Amino acid sequence: MTRFVLFLFCYGICVMSISNIILYLNYRTLGYSWHAVLLYIFNSAELYMFFGAIIGMFIVVYALSPSRSPFS
């Protein structure tokens, strides 16, 4: 159950951060250059949260866990 909740948390962070990154691309329509927009995206916290959430999901999905609790 804990792994499922952790997966949902990481997935939610991933979706929110990538949606903000996509919204940052709207600065291009305001006249900013690609260089300025990408520099802003690379310096934003959402990009690092996205990569952290992806790594967290891979750990939750692919980490080995015992099939039974040792105390049962």
# chains A, B, ... in the order shown; residues from 1 in each chain; ligands from 1
call {"tool": "residues_around", "arguments": {"residues": "region 55-63 of chain A", "least_positions_apart": "3", "cutoff": "9 Å", "atoms": "only C-alpha atoms", "output": "number ranges by chain"}}
result
A: 3-4, 6-8, 10-11, 50-52
call {"tool": "select_by_dssp", "arguments": {"residues": "chain A", "states": "helix (DSSP H, G or I)", "output": "ChimeraX atom specification"}}
result
/A:2-30,34-42,45-62
call {"tool": "atom_distance", "arguments": {"atom1": "CA of Val15 (chain A)", "atom2": "CA of Arg28 (chain A)"}}
result
21.5 Å
call {"tool": "atom_distance", "arguments": {"atom1": "CA of Leu25 (chain A)", "atom2": "CA of Ala53 (chain A)"}}
result
20.8 Å
call {"tool": "atom_distance", "arguments": {"atom1": "CA of Ile22 (chain A)", "atom2": "CA of Phe9 (chain A)"}}
result
20.1 Å
call {"tool": "residues_around", "arguments": {"residues": "Leu47 (chain A)", "least_positions_apart": "6", "cutoff": "10 Å", "atoms": "only C-alpha atoms", "output": "JSON, numbers by chain"}}
result
{"A": [14, 17, 18, 20, 21, 41, 53]}
